[in-house]
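Data file: final-v8.cif. Format and content: mmCIF, C-alpha atoms and all ligand atoms; chains and numbers go by the auth columns.
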```cif
data_input
#
loop_
_atom_site.group_PDB
_atom_site.id
_atom_site.type_symbol
_atom_site.label_atom_id
_atom_site.label_comp_id
_atom_site.label_asym_id
_atom_site.label_seq_id
_atom_site.Cartn_x
_atom_site.Cartn_y
_atom_site.Cartn_z
_atom_site.B_iso_or_equiv
_atom_site.auth_seq_id
_atom_site.auth_asym_id
ATOM 1 C CA MET A 1 182.445 240.056 216.925 0.00 1 A
ATOM 2 C CA CYS A 2 182.965 236.373 216.264 0.00 2 A
ATOM 3 C CA GLY A 3 185.731 233.904 216.867 0.00 3 A
ATOM 4 C CA ILE A 4 186.168 231.143 214.366 0.00 4 A
ATOM 5 C CA GLY A 5 188.503 228.189 214.648 0.00 5 A
ATOM 6 C CA GLU A 6 189.249 225.064 216.529 0.00 6 A
ATOM 7 C CA GLY A 7 190.733 226.596 219.644 0.00 7 A
ATOM 8 C CA ASN A 8 192.225 223.771 221.657 0.00 8 A
ATOM 9 C CA SER A 9 189.223 221.489 221.332 0.00 9 A
ATOM 10 C CA GLY A 10 190.393 219.868 218.074 0.00 10 A
ATOM 11 C CA LEU A 11 186.813 220.202 216.805 0.00 11 A
ATOM 12 C CA PRO A 12 185.618 222.244 213.815 0.00 12 A
ATOM 13 C CA LEU A 13 184.257 224.777 216.281 0.00 13 A
ATOM 14 C CA ARG A 14 182.872 228.192 215.476 0.00 14 A
ATOM 15 C CA ILE A 15 181.611 230.748 217.956 0.00 15 A
ATOM 16 C CA ARG A 16 179.246 233.378 216.585 0.00 16 A
ATOM 17 C CA LEU A 17 176.406 235.683 217.556 0.00 17 A
ATOM 18 C CA VAL A 18 173.075 233.952 218.033 0.00 18 A
ATOM 19 C CA GLU A 19 170.795 233.960 214.977 0.00 19 A
ATOM 20 C CA GLU A 20 167.084 233.474 214.418 0.00 20 A
ATOM 21 C CA LYS A 21 167.668 229.869 213.314 0.00 21 A
ATOM 22 C CA ASP A 22 169.152 228.988 216.748 0.00 22 A
ATOM 23 C CA ARG A 23 166.158 229.984 218.822 0.00 23 A
ATOM 24 C CA TRP A 24 164.505 226.577 219.316 0.00 24 A
ATOM 25 C CA GLU A 25 167.768 224.789 220.021 0.00 25 A
ATOM 26 C CA VAL A 26 168.725 227.426 222.571 0.00 26 A
ATOM 27 C CA ILE A 27 165.311 227.111 224.225 0.00 27 A
ATOM 28 C CA ALA A 28 165.484 223.295 224.198 0.00 28 A
ATOM 29 C CA LEU A 29 168.946 223.203 225.770 0.00 29 A
ATOM 30 C CA GLY A 30 168.206 226.061 228.161 0.00 30 A
ATOM 31 C CA SER A 31 164.959 224.551 229.433 0.00 31 A
ATOM 32 C CA ARG A 32 166.623 221.169 229.857 0.00 32 A
ATOM 33 C CA GLU A 33 169.569 222.533 231.841 0.00 33 A
ATOM 34 C CA PHE A 34 167.728 225.232 233.770 0.00 34 A
ATOM 35 C CA PRO A 35 164.333 223.575 234.444 0.00 35 A
ATOM 36 C CA TYR A 36 163.488 226.036 237.225 0.00 36 A
ATOM 37 C CA ILE A 37 162.947 228.769 234.603 0.00 37 A
ATOM 38 C CA GLU A 38 159.182 229.119 234.409 0.00 38 A
ATOM 39 C CA HIS A 39 158.646 230.373 230.854 0.00 39 A
ATOM 40 C CA PRO A 40 161.781 229.318 228.987 0.00 40 A
ATOM 41 C CA ASP A 41 160.502 230.427 225.561 0.00 41 A
ATOM 42 C CA ALA A 42 159.964 234.022 226.638 0.00 42 A
ATOM 43 C CA PHE A 43 162.988 233.972 228.927 0.00 43 A
ATOM 44 C CA PHE A 44 165.487 232.865 226.270 0.00 44 A
ATOM 45 C CA LEU A 45 163.919 234.861 223.433 0.00 45 A
ATOM 46 C CA GLU A 46 164.306 238.031 225.500 0.00 46 A
ATOM 47 C CA ARG A 47 167.931 237.150 226.220 0.00 47 A
ATOM 48 C CA MET A 48 168.747 236.292 222.610 0.00 48 A
ATOM 49 C CA GLU A 49 167.449 239.713 221.607 0.00 49 A
ATOM 50 C CA ASN A 50 168.880 241.866 224.379 0.00 50 A
ATOM 51 C CA HIS A 51 172.038 240.234 225.716 0.00 51 A
ATOM 52 C CA TYR A 52 175.470 239.490 224.358 0.00 52 A
ATOM 53 C CA PHE A 53 174.402 236.024 223.260 0.00 53 A
ATOM 54 C CA PHE A 54 176.790 233.715 221.406 0.00 54 A
ATOM 55 C CA VAL A 55 176.474 230.148 220.219 0.00 55 A
ATOM 56 C CA ALA A 56 179.048 227.481 219.487 0.00 56 A
ATOM 57 C CA GLU A 57 178.606 225.293 216.457 0.00 57 A
ATOM 58 C CA VAL A 58 180.456 222.136 215.543 0.00 58 A
ATOM 59 C CA ASP A 59 180.380 221.095 211.912 0.00 59 A
ATOM 60 C CA GLY A 60 177.771 223.806 211.400 0.00 60 A
ATOM 61 C CA LYS A 61 175.433 222.347 214.056 0.00 61 A
ATOM 62 C CA PHE A 62 174.357 224.053 217.248 0.00 62 A
ATOM 63 C CA ALA A 63 176.527 222.866 220.161 0.00 63 A
ATOM 64 C CA GLY A 64 175.936 225.304 223.022 0.00 64 A
ATOM 65 C CA PHE A 65 175.595 228.906 224.104 0.00 65 A
ATOM 66 C CA ILE A 66 176.905 231.588 226.404 0.00 66 A
ATOM 67 C CA ASP A 67 174.803 234.550 227.474 0.00 67 A
ATOM 68 C CA MET A 68 176.228 237.746 228.988 0.00 68 A
ATOM 69 C CA GLU A 69 174.748 241.011 230.217 0.00 69 A
ATOM 70 C CA PRO A 70 175.946 244.154 231.957 0.00 70 A
ATOM 71 C CA GLU A 71 175.403 243.784 235.695 0.00 71 A
ATOM 72 C CA ARG A 72 176.383 247.125 237.161 0.00 72 A
ATOM 73 C CA GLY A 73 179.129 249.585 236.341 0.00 73 A
ATOM 74 C CA ASP A 74 181.943 247.806 234.583 0.00 74 A
ATOM 75 C CA THR A 75 180.868 244.349 235.777 0.00 75 A
ATOM 76 C CA ALA A 76 179.274 241.805 233.435 0.00 76 A
ATOM 77 C CA LEU A 77 177.212 238.797 234.436 0.00 77 A
ATOM 78 C CA ILE A 78 177.613 235.514 232.588 0.00 78 A
ATOM 79 C CA ALA A 79 173.970 234.596 232.924 0.00 79 A
ATOM 80 C CA GLY A 80 173.732 231.367 230.962 0.00 80 A
ATOM 81 C CA PHE A 81 176.250 228.824 229.758 0.00 81 A
ATOM 82 C CA ALA A 82 175.521 225.331 228.412 0.00 82 A
ATOM 83 C CA VAL A 83 176.805 222.709 225.982 0.00 83 A
ATOM 84 C CA ARG A 84 174.666 219.943 224.464 0.00 84 A
ATOM 85 C CA PRO A 85 175.042 216.859 226.707 0.00 85 A
ATOM 86 C CA GLU A 86 176.389 214.585 223.973 0.00 86 A
ATOM 87 C CA LEU A 87 179.158 217.084 223.171 0.00 87 A
ATOM 88 C CA ARG A 88 180.421 217.709 226.693 0.00 88 A
ATOM 89 C CA GLY A 89 183.934 216.982 227.846 0.00 89 A
ATOM 90 C CA LYS A 90 185.442 217.901 224.457 0.00 90 A
ATOM 91 C CA GLY A 91 186.548 221.413 225.325 0.00 91 A
ATOM 92 C CA ILE A 92 183.573 223.334 223.877 0.00 92 A
ATOM 93 C CA GLY A 93 182.651 224.884 227.225 0.00 93 A
ATOM 94 C CA THR A 94 186.250 225.960 227.711 0.00 94 A
ATOM 95 C CA GLU A 95 186.304 227.626 224.285 0.00 95 A
ATOM 96 C CA LEU A 96 182.964 229.362 224.890 0.00 96 A
ATOM 97 C CA LEU A 97 184.132 230.759 228.205 0.00 97 A
ATOM 98 C CA LYS A 98 187.507 231.800 226.777 0.00 98 A
ATOM 99 C CA PHE A 99 185.692 233.619 223.985 0.00 99 A
ATOM 100 C CA ALA A 100 183.249 235.267 226.402 0.00 100 A
ATOM 101 C CA LEU A 101 185.982 236.605 228.673 0.00 101 A
ATOM 102 C CA ARG A 102 187.919 238.018 225.720 0.00 102 A
ATOM 103 C CA PHE A 103 184.728 239.572 224.369 0.00 103 A
ATOM 104 C CA LEU A 104 183.800 241.193 227.689 0.00 104 A
ATOM 105 C CA LYS A 105 187.288 242.606 228.089 0.00 105 A
ATOM 106 C CA ALA A 106 187.317 243.906 224.500 0.00 106 A
ATOM 107 C CA VAL A 107 184.058 245.801 225.016 0.00 107 A
ATOM 108 C CA GLY A 108 185.364 247.401 228.201 0.00 108 A
ATOM 109 C CA PHE A 109 184.161 245.364 231.153 0.00 109 A
ATOM 110 C CA LYS A 110 186.599 245.026 234.044 0.00 110 A
ATOM 111 C CA LYS A 111 185.012 242.182 235.980 0.00 111 A
ATOM 112 C CA ALA A 112 182.971 239.054 235.211 0.00 112 A
ATOM 113 C CA VAL A 113 180.520 237.436 237.623 0.00 113 A
ATOM 114 C CA ILE A 114 178.957 233.964 237.436 0.00 114 A
ATOM 115 C CA TYR A 115 176.628 232.091 239.787 0.00 115 A
ATOM 116 C CA SER A 116 176.627 228.299 240.047 0.00 116 A
ATOM 117 C CA LYS A 117 175.401 225.525 242.315 0.00 117 A
ATOM 118 C CA ASN A 118 178.120 224.275 244.635 0.00 118 A
ATOM 119 C CA GLY A 119 177.513 220.711 243.396 0.00 119 A
ATOM 120 C CA ASN A 120 178.022 221.611 239.738 0.00 120 A
ATOM 121 C CA SER A 121 181.491 220.115 239.516 0.00 121 A
ATOM 122 C CA ALA A 122 181.935 220.506 235.736 0.00 122 A
ATOM 123 C CA ALA A 123 181.051 224.199 235.735 0.00 123 A
ATOM 124 C CA ASN A 124 182.940 224.948 238.932 0.00 124 A
ATOM 125 C CA ARG A 125 186.030 223.227 237.607 0.00 125 A
ATOM 126 C CA ILE A 126 186.034 225.456 234.527 0.00 126 A
ATOM 127 C CA TYR A 127 185.480 228.625 236.534 0.00 127 A
ATOM 128 C CA ARG A 128 188.386 227.764 238.810 0.00 128 A
ATOM 129 C CA LYS A 129 190.548 226.886 235.802 0.00 129 A
ATOM 130 C CA PHE A 130 189.871 230.333 234.338 0.00 130 A
ATOM 131 C CA GLY A 131 190.872 232.075 237.562 0.00 131 A
ATOM 132 C CA PHE A 132 187.438 232.862 238.966 0.00 132 A
ATOM 133 C CA SER A 133 187.237 232.974 242.782 0.00 133 A
ATOM 134 C CA VAL A 134 184.247 232.308 244.979 0.00 134 A
ATOM 135 C CA VAL A 135 183.350 235.578 246.692 0.00 135 A
ATOM 136 C CA LYS A 136 180.087 234.479 248.311 0.00 136 A
ATOM 137 C CA GLU A 137 178.133 231.331 249.067 0.00 137 A
ATOM 138 C CA CYS A 138 174.461 231.382 249.976 0.00 138 A
ATOM 139 C CA ASN A 139 172.042 228.418 250.127 0.00 139 A
ATOM 140 C CA GLY A 140 174.324 226.284 247.970 0.00 140 A
ATOM 141 C CA ILE A 141 174.780 228.969 245.319 0.00 141 A
ATOM 142 C CA LEU A 142 178.304 230.181 244.661 0.00 142 A
ATOM 143 C CA LYS A 143 179.081 233.657 243.386 0.00 143 A
ATOM 144 C CA TRP A 144 182.265 233.685 241.304 0.00 144 A
ATOM 145 C CA GLU A 145 184.204 236.744 240.219 0.00 145 A
ATOM 146 C CA LYS A 146 187.171 237.384 237.981 0.00 146 A
ATOM 147 C CA GLU A 147 189.003 240.571 237.071 0.00 147 A
ATOM 148 C CA LEU A 148 189.318 240.838 233.296 0.00 148 A
HETATM 149 C C1 LIG B . 179.471 223.430 232.277 0.00 1 B
HETATM 150 C C2 LIG B . 179.485 222.991 230.808 0.00 1 B
HETATM 151 C C3 LIG B . 179.021 224.146 229.948 0.00 1 B
HETATM 152 C C4 LIG B . 180.919 222.592 230.431 0.00 1 B
HETATM 153 O O1 LIG B . 180.945 222.299 229.048 0.00 1 B
HETATM 154 P P1 LIG B . 181.978 221.231 228.418 0.00 1 B
HETATM 155 O O2 LIG B . 181.969 221.434 226.953 0.00 1 B
HETATM 156 O O3 LIG B . 181.698 219.877 228.916 0.00 1 B
HETATM 157 O O4 LIG B . 183.347 221.751 229.060 0.00 1 B
HETATM 158 P P2 LIG B . 184.821 221.252 228.730 0.00 1 B
HETATM 159 O O5 LIG B . 184.754 220.041 227.866 0.00 1 B
HETATM 160 O O6 LIG B . 185.549 222.440 228.222 0.00 1 B
HETATM 161 O O7 LIG B . 185.348 220.809 230.157 0.00 1 B
HETATM 162 C C5 LIG B . 185.687 221.757 231.101 0.00 1 B
HETATM 163 C C6 LIG B . 186.286 221.113 232.329 0.00 1 B
HETATM 164 O O8 LIG B . 185.254 220.442 233.057 0.00 1 B
HETATM 165 C C7 LIG B . 185.667 219.102 233.293 0.00 1 B
HETATM 166 N N1 LIG B . 184.474 218.291 233.323 0.00 1 B
HETATM 167 C C8 LIG B . 183.665 217.980 232.293 0.00 1 B
HETATM 168 N N2 LIG B . 182.638 217.224 232.741 0.00 1 B
HETATM 169 C C9 LIG B . 182.833 217.080 234.076 0.00 1 B
HETATM 170 C C10 LIG B . 182.128 216.440 235.103 0.00 1 B
HETATM 171 N N3 LIG B . 180.982 215.787 234.862 0.00 1 B
HETATM 172 N N4 LIG B . 182.602 216.514 236.368 0.00 1 B
HETATM 173 C C11 LIG B . 183.733 217.183 236.636 0.00 1 B
HETATM 174 N N5 LIG B . 184.451 217.840 235.711 0.00 1 B
HETATM 175 C C12 LIG B . 184.000 217.777 234.445 0.00 1 B
HETATM 176 C C13 LIG B . 186.576 218.759 232.168 0.00 1 B
HETATM 177 O O9 LIG B . 187.425 217.698 232.533 0.00 1 B
HETATM 178 C C14 LIG B . 187.314 220.061 231.975 0.00 1 B
HETATM 179 O O10 LIG B . 188.343 220.231 232.909 0.00 1 B
HETATM 180 P P3 LIG B . 189.874 220.055 232.447 0.00 1 B
HETATM 181 O O11 LIG B . 190.074 220.996 231.293 0.00 1 B
HETATM 182 O O12 LIG B . 190.614 220.451 233.650 0.00 1 B
HETATM 183 O O13 LIG B . 189.988 218.626 232.051 0.00 1 B
HETATM 184 C C15 LIG B . 178.599 221.725 230.601 0.00 1 B
HETATM 185 O O14 LIG B . 178.973 220.749 231.539 0.00 1 B
HETATM 186 C C16 LIG B . 177.121 221.995 230.725 0.00 1 B
HETATM 187 O O15 LIG B . 176.472 222.408 229.760 0.00 1 B
HETATM 188 N N6 LIG B . 176.554 221.759 231.924 0.00 1 B
HETATM 189 C C17 LIG B . 175.119 221.922 232.146 0.00 1 B
HETATM 190 C C18 LIG B . 174.735 223.390 232.220 0.00 1 B
HETATM 191 C C19 LIG B . 175.506 224.083 233.318 0.00 1 B
HETATM 192 O O16 LIG B . 175.674 223.552 234.406 0.00 1 B
HETATM 193 N N7 LIG B . 175.960 225.340 233.012 0.00 1 B
HETATM 194 C C20 LIG B . 176.693 226.137 233.966 0.00 1 B
HETATM 195 C C21 LIG B . 175.730 226.831 234.863 0.00 1 B
HETATM 196 S S1 LIG B . 176.580 227.748 236.152 0.00 1 B
#
```
Written as structure tokens, how would this file's structure read?
Amino acid sequence: MCGIGEGNSGLPLRIRLVEEKDRWEVIALGSREFPYIEHPDAFFLERMENHYFFVAEVDGKFAGFIDMEPERGDTALIAGFAVRPELRGKGIGTELLKFALRFLKAVGFKKAVIYSKNGNSAANRIYRKFGFSVVKECNGILKWEKEL
């Protein structure tokens, strides 16, 4: 299931399932943004194969990704979400998250969960904008939930 179009970003944006050709760009962006992951190659390869893993492209070039997995019951976890630094602030993250929430709802999930650092103002702003609420805070990590 893929969404194609500009959304509200005004960019030639396409959101599609991850493909083999994306693997090194996903790993490069993922290891840059989530440096605490010990073996990013294995970590992201496993996710690209086994999760609901979508990428955004702008003008046919890799721009970012969103990674989702079933958590428990009818709850899905948005486990990874990132946009290339030079493309941020143009609405790509908003379009990726909009797509992800529609996708999760369409495949039958009832709730989405995301974790973020409480200092991650860009991410937290988007989650709030999309109607997520903080349901727990522990050691600076926020747990966000939203009914779909
Ligand atoms: C979070 C992230 C994916 C957002 O992607 P993006 O393409 O920049 O998002 P958008 O352009 O759609 O902007 C979303 C909102 O964040 C705001 N925003 C962007 N950068 C911001 C910043 N540095 N500080 C505060 N708000 C910011 C935008 O103004 C926008 O809000 P608005 O629509 O109310 O104006 C991107 O910042 C990123 O990749 N961050 C690093 C990885 C990360 O932290 N992932 C989330 C892990 S929980």
Would you list the contacts of Glu57 (chain A) as an mmCIF file with C-alpha atoms, in the coordinates of the input, taking every protein, DNA or RNA residue within 7 Å and counting all atoms listed in the file, but skipping same-chain residues closer than 4 positions in sequence?
```cif
data_model
loop_
_atom_site.group_PDB
_atom_site.id
_atom_site.type_symbol
_atom_site.label_atom_id
_atom_site.label_comp_id
_atom_site.auth_asym_id
_atom_site.auth_seq_id
_atom_site.Cartn_x
_atom_site.Cartn_y
_atom_site.Cartn_z
ATOM 1 C CA LEU A 13 184.257 224.777 216.281
ATOM 2 C CA ARG A 14 182.872 228.192 215.476
ATOM 3 C CA ILE A 15 181.611 230.748 217.956
ATOM 4 C CA LYS A 61 175.433 222.347 214.056
ATOM 5 C CA PHE A 62 174.357 224.053 217.248
ATOM 6 C CA ALA A 63 176.527 222.866 220.161
#
```
List the residues matched by the PyMOL selection byres (((chain A and resi 31-44) around 12) and not hetatm) in the displayed structure as a short mmCIF file (atom, residue, chain, number, x, y, z; two decimals) with C-alpha atoms, keeping the file's coordinate frame, ordered by chain and then by residue number.
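For reference, selection_33.cif as written:
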```cif
data_model
loop_
_atom_site.label_atom_id
_atom_site.label_comp_id
_atom_site.auth_asym_id
_atom_site.auth_seq_id
_atom_site.Cartn_x
_atom_site.Cartn_y
_atom_site.Cartn_z
CA VAL A 18 173.08 233.95 218.03
CA GLU A 20 167.08 233.47 214.42
CA ASP A 22 169.15 228.99 216.75
CA ARG A 23 166.16 229.98 218.82
CA TRP A 24 164.50 226.58 219.32
CA GLU A 25 167.77 224.79 220.02
CA VAL A 26 168.72 227.43 222.57
CA ILE A 27 165.31 227.11 224.22
CA ALA A 28 165.48 223.30 224.20
CA LEU A 29 168.95 223.20 225.77
CA GLY A 30 168.21 226.06 228.16
CA LEU A 45 163.92 234.86 223.43
CA GLU A 46 164.31 238.03 225.50
CA ARG A 47 167.93 237.15 226.22
CA MET A 48 168.75 236.29 222.61
CA GLU A 49 167.45 239.71 221.61
CA ASN A 50 168.88 241.87 224.38
CA HIS A 51 172.04 240.23 225.72
CA PHE A 53 174.40 236.02 223.26
CA GLY A 64 175.94 225.30 223.02
CA PHE A 65 175.60 228.91 224.10
CA ILE A 66 176.90 231.59 226.40
CA ASP A 67 174.80 234.55 227.47
CA ALA A 79 173.97 234.60 232.92
CA GLY A 80 173.73 231.37 230.96
CA PHE A 81 176.25 228.82 229.76
CA ALA A 82 175.52 225.33 228.41
CA VAL A 83 176.80 222.71 225.98
CA ARG A 84 174.67 219.94 224.46
CA PRO A 85 175.04 216.86 226.71
CA SER A 116 176.63 228.30 240.05
CA LYS A 117 175.40 225.52 242.32
CA ASN A 120 178.02 221.61 239.74
#
```
Let me have all residues with an atom within 6 Å of ligand LIG 1 (chain B), counting only C-alpha atoms and all ligand atoms, laid out as an mmCIF file with C-alpha atoms, in the coordinates of the input.
```
data_model
loop_
_atom_site.group_PDB
_atom_site.id
_atom_site.type_symbol
_atom_site.label_atom_id
_atom_site.label_comp_id
_atom_site.auth_asym_id
_atom_site.auth_seq_id
_atom_site.Cartn_x
_atom_site.Cartn_y
_atom_site.Cartn_z
ATOM 1 C CA GLU A 33 169.569 222.533 231.841
ATOM 2 C CA PHE A 81 176.250 228.824 229.758
ATOM 3 C CA ALA A 82 175.521 225.331 228.412
ATOM 4 C CA VAL A 83 176.805 222.709 225.982
ATOM 5 C CA ARG A 88 180.421 217.709 226.693
ATOM 6 C CA GLY A 89 183.934 216.982 227.846
ATOM 7 C CA LYS A 90 185.442 217.901 224.457
ATOM 8 C CA GLY A 91 186.548 221.413 225.325
ATOM 9 C CA ILE A 92 183.573 223.334 223.877
ATOM 10 C CA GLY A 93 182.651 224.884 227.225
ATOM 11 C CA THR A 94 186.250 225.960 227.711
ATOM 12 C CA TYR A 115 176.628 232.091 239.787
ATOM 13 C CA SER A 116 176.627 228.299 240.047
ATOM 14 C CA SER A 121 181.491 220.115 239.516
ATOM 15 C CA ALA A 122 181.935 220.506 235.736
ATOM 16 C CA ALA A 123 181.051 224.199 235.735
ATOM 17 C CA ARG A 125 186.030 223.227 237.607
ATOM 18 C CA ILE A 126 186.034 225.456 234.527
#
```
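The space separating CA of Met68 (chain A) from CA of Glu95 (chain A) comes to 15.0 Å.
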To verify the selection step, state as a VMD selection string which residues the PyMOL selection byres (((chain A and resi 134) around 6) and not hetatm) yields on this input. chain A and resid 133 135 to 136 143 to 144
I'd like the residues picked by the PyMOL selection byres (((chain A and resi 75) around 7) and not hetatm) written out as a compact mmCIF listing (two decimals) with C-alpha atoms, keeping the file's coordinate frame, using the chain letters and numbers from the file.
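Output file out.txt is given in full below:
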```
# COMPACT_ATOMS: atom_id res chain seq x y z
CA PRO A 70 175.95 244.15 231.96
CA GLU A 71 175.40 243.78 235.70
CA ARG A 72 176.38 247.12 237.16
CA GLY A 73 179.13 249.58 236.34
CA ASP A 74 181.94 247.81 234.58
CA ALA A 76 179.27 241.80 233.44
CA LEU A 77 177.21 238.80 234.44
CA PHE A 109 184.16 245.36 231.15
CA LYS A 110 186.60 245.03 234.04
CA LYS A 111 185.01 242.18 235.98
CA ALA A 112 182.97 239.05 235.21
```
CA of Val113 (chain A) to CA of Val55 (chain A) measures 19.3 Å
Could you work out an axis-aligned bounding box for all listed atoms of region 22-25 of chain A, with 6 Å added on each of the six sides, and give its centre and edge lengths in Å to one decimal, as JSON?
```
{"center_x": 166.8, "center_y": 227.4, "center_z": 218.4, "size_x": 16.6, "size_y": 17.2, "size_z": 15.3}
```
